[in-house]
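Only one structure is covered here, and it is reproduced in the block below.
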Amino acid sequence: MISPRVGVPLLVVLALLVTAFPAFAQDAVTVGTVTSSGTSVDVPVYIRDAAGTPLGMDRPAGSKIQSFSLKVSYAPASAVSSVTFSRAGITAGLTPTSEFAPAGAGSVSLLDTFSETTSPIPFTLNASAPGNLVAHLVFTLSASAPPGSSIALTLDPSLTQLTDTGGSAATKETAANGQLTLVNGAIHVAPLSLSLTPGNRNVVVGAHATFNATLSVAVSTDTTVSLSSSAPSIATVPASIVIPHGERTVAIDVTGVAIGNATITASLEGGASAQASVAVQATLPCTTPAIPQPSAPATAGANASYSITWPAVSGASDYSIEESTDAGFASSSSRTVTTASAAYSHATGNARYYYRVRAHNGNGACDTRSDASSVVSVLIEPPAQAPTPVLPVVGSVQGNFGSYFKTSIQLYNPKQVAVSGKIVFHVQGVSGSEHDPSLAYSIEPGKTLSYADLLPAMGIASGLGTADVIADATSPLPIAVARIFNDAGVNGTTGLAEELITSDAALRQGDTGVLLAPSDLQRFRLNVGIRTFAEGATMNITVRNNDGVVVKTIARAYGPTYFVQTGAKDLLDYTLTGGETLSFELTAGSAILYGATTDNITNDPSVQFARRID
């Protein structure tokens, strides 16, 4: 038994130890809380690196936060029509070693891993909450999202975690092991607002004037707007008017009854209201309105909506706007609007449209018009061509030294809707055409489609070429990874992964790219592959030896959508001795260039893509 004289000091010491021991540190993942200002909402996601945790900037190499798994659920799911989850802030410019963004009903995830050596994440240790921005969610709200409501954004504690590059269990931080704090967020859908335009109108006794009642956003149900006049003996309005679902604006007719002034009030049930004034006069002076001063965007995309706008002109009841493809308006079309803007769109690109505006005073018995405004124009640009995603080389073909190379491929659908399209194979040595063989695919959400040997799956026994992975018009692309491998039968396979490369990553006119030849051409063989796009490619090739001396120059030209993979000697008309550099200067067109190096003993392949010289 402990005597009182010993026990009391011991308790005091224990109490002091408990008091002096610091609170347990935790890193934190935070989803932001924002208020919408439209149908598109950007929600930030942060990670805070706190000192004293298993992972962080204060830890030794190998124990930094280099990988994160974030899963966010949103409710009600019916309030969201689509959502994307992508890197932002301190991770936006980094290159992940792996990245996935799977989505399900009412949830979306982002899983990223970065090499600590080549892409260290630059966290700020003990930054003020919420920490560093690492990602963002971009929501598109559905028409059924009620104004004034909230959408809960909840981090899934079972799937949200931080790890090092290797995903070590010893340093993994989760909510379950007490190493990670999760802070949930929300989207507050802005309440519905209402406006009346213009702010004032003049009208003669017995005539009518028009105001426009406009909602801040279009809603999914018919919306009743209650109307009142402060002086019904001077000006009257209907008791209410309905803005149809999916619309934002409706015209309100005001009738002048007697000389005087009245205030018109428009109200939403239990919500916003707006006011405008009307002056009722015996007669209105039939003044000629001033000339409008229109403005327009310099360009607009095909099928995209754009507006011609101008400041409202005092005394104007409406405006006429002319449109023509001729700057002199030898032929034109005209439309009349009551607001100071007019929206247009055109499907045909590479065309310029010209506009001029006249203001009209049609108040009461008046009928006067301004002169035509100065002319503005808009160039309609052709639709942007999406980059062509390609697998630069695919094949099922006999190689040297007993090798047989094949191509397997996996297609993954990370979206919430099915994806579909086709893989088109272009055989080497000829330009691709619409008659080239293809393989259609259709993949349900979250599923993966695999082919162990692509060409036989397309009905092609053997061959070498290149492939385009094309999505149908209304479908996103799947994530595609191919594997080029030597099939050694019972001795297994050796190979490399090949991901999709888009045409915008190709070398273009004015670019120079470099390939390095193996230093030992007795042990390794080098083939060079060239894949062009719609414009073909012309290039000058320069070969330099180890000392930088130019030993060979040659020009080559290739047609559109063309592929060739050939031995270095055949391409260069020169025999390499080892260690040379091959520089490709693109003088026209664009191309992806690669060097395929294969071990002559094991037939183990590797690939390098031509590096652009800045």
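Chain labels A, B, ... are given in the sequence in which chains occur in the structure tokens; within each chain residues are numbered consecutively from 1, and ligands are likewise numbered from 1 in the order shown.
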
Could you pull the residues within 7 Å of Arg525 of chain A, counting only C-alpha atoms, minus those fewer than 5 positions along the same chain, as a PyMOL selection string?
-> chain A and resi 597-600

Name all residues at most 9 Å from Ala239 of chain A (count only C-alpha atoms; drop same-chain ones fewer than 6 positions away) and give them as a tab-separated table (two decimals) with N, CA, C and O atoms, in the first residue's frame.
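Printed below is out10.tsv as written:
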chain	number	residue	atom	x	y	z
A	225	VAL	N	-45.78	35.40	-60.33
A	225	VAL	CA	-45.32	36.72	-59.87
A	225	VAL	C	-46.55	37.56	-59.56
A	225	VAL	O	-47.39	37.80	-60.43
A	226	SER	N	-46.70	37.96	-58.30
A	226	SER	CA	-47.82	38.83	-57.90
A	226	SER	C	-47.50	40.27	-58.27
A	226	SER	O	-46.37	40.73	-58.09
A	227	LEU	N	-48.50	40.99	-58.79
A	227	LEU	CA	-48.29	42.36	-59.26
A	227	LEU	C	-49.25	43.30	-58.56
A	227	LEU	O	-50.39	42.94	-58.23
A	228	SER	N	-48.81	44.53	-58.33
A	228	SER	CA	-49.69	45.55	-57.75
A	228	SER	C	-49.25	46.93	-58.20
A	228	SER	O	-48.09	47.13	-58.56

Which residues, written as a JSON list (two decimals) with N, CA and C atoms, in the first residue's frame, have at least one atom at most 8 Å from Ser220 of chain A, with only C-alpha atoms counted and residues fewer than 6 positions away on the same chain left out?
[["chain", "number", "residue", "atom", "x", "y", "z"],
["A", 143, "ALA", "N", -31.87, 21.79, -62.55],
["A", 143, "ALA", "CA", -32.98, 22.74, -62.44],
["A", 143, "ALA", "C", -33.85, 22.46, -61.23],
["A", 144, "SER", "N", -33.71, 21.25, -60.69],
["A", 144, "SER", "CA", -34.53, 20.88, -59.52],
["A", 144, "SER", "C", -33.90, 21.28, -58.20],
["A", 245, "HIS", "N", -41.91, 27.38, -66.55],
["A", 245, "HIS", "CA", -40.74, 26.65, -66.10],
["A", 245, "HIS", "C", -39.67, 26.63, -67.21],
["A", 246, "GLY", "N", -38.43, 26.76, -66.78],
["A", 246, "GLY", "CA", -37.33, 26.81, -67.74],
["A", 246, "GLY", "C", -37.07, 28.18, -68.32]]

Using only C-alpha atoms, find the one residue out of A:Ile291, A:Leu153, A:Val430, A:Met458 that sits nearest to Gly315 of chain A.
-> A:Ile291

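Closest approach to Pro54 of chain A among A:Val551, A:Ala169, A:Ala591, A:Ala135: A:Ala169, based on only C-alpha atoms.
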
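Here atom CA of Pro289 of chain A is placed at a distance of 20.4 Å from atom CA of Ser277 of chain A.
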
Looking at A:Leu454, A:Lys422, A:Ala482, A:Leu268, which one is nearest to Ile241 of chain A, with distances taken over only C-alpha atoms?
-> A:Leu268

Pick the closest to Ser403 of chain A from A:Ser168, A:Thr348, A:Thr493, A:Asn184: which is it, counting only C-alpha atoms?
-> A:Thr493

When DSSP works through the backbone of this structure, what residues of segment 213-352 of chain A end up as strand (DSSP E), shown as a PyMOL selection string?
-> chain A and resi 213-215+223-229+235-236+240-243+249-256+260-268+273-281+299-301+306-309+318-324+333-337+341-344+351-352

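Reported to one decimal place, the separation of atom CA of Ser229 of chain A from atom CA of Ala365 of chain A is 24.2 Å.
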
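For the choices A:Gln509, A:Asn486, A:Thr388, A:Ser433, the atom-to-atom distance to Asp453 of chain A is smallest for A:Asn486 when using only C-alpha atoms.
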
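Across A:Asp318, A:Asp156, A:Asp573, A:Asp27, the tightest approach to Ala127 of chain A is made by A:Asp27 when counting only C-alpha atoms.
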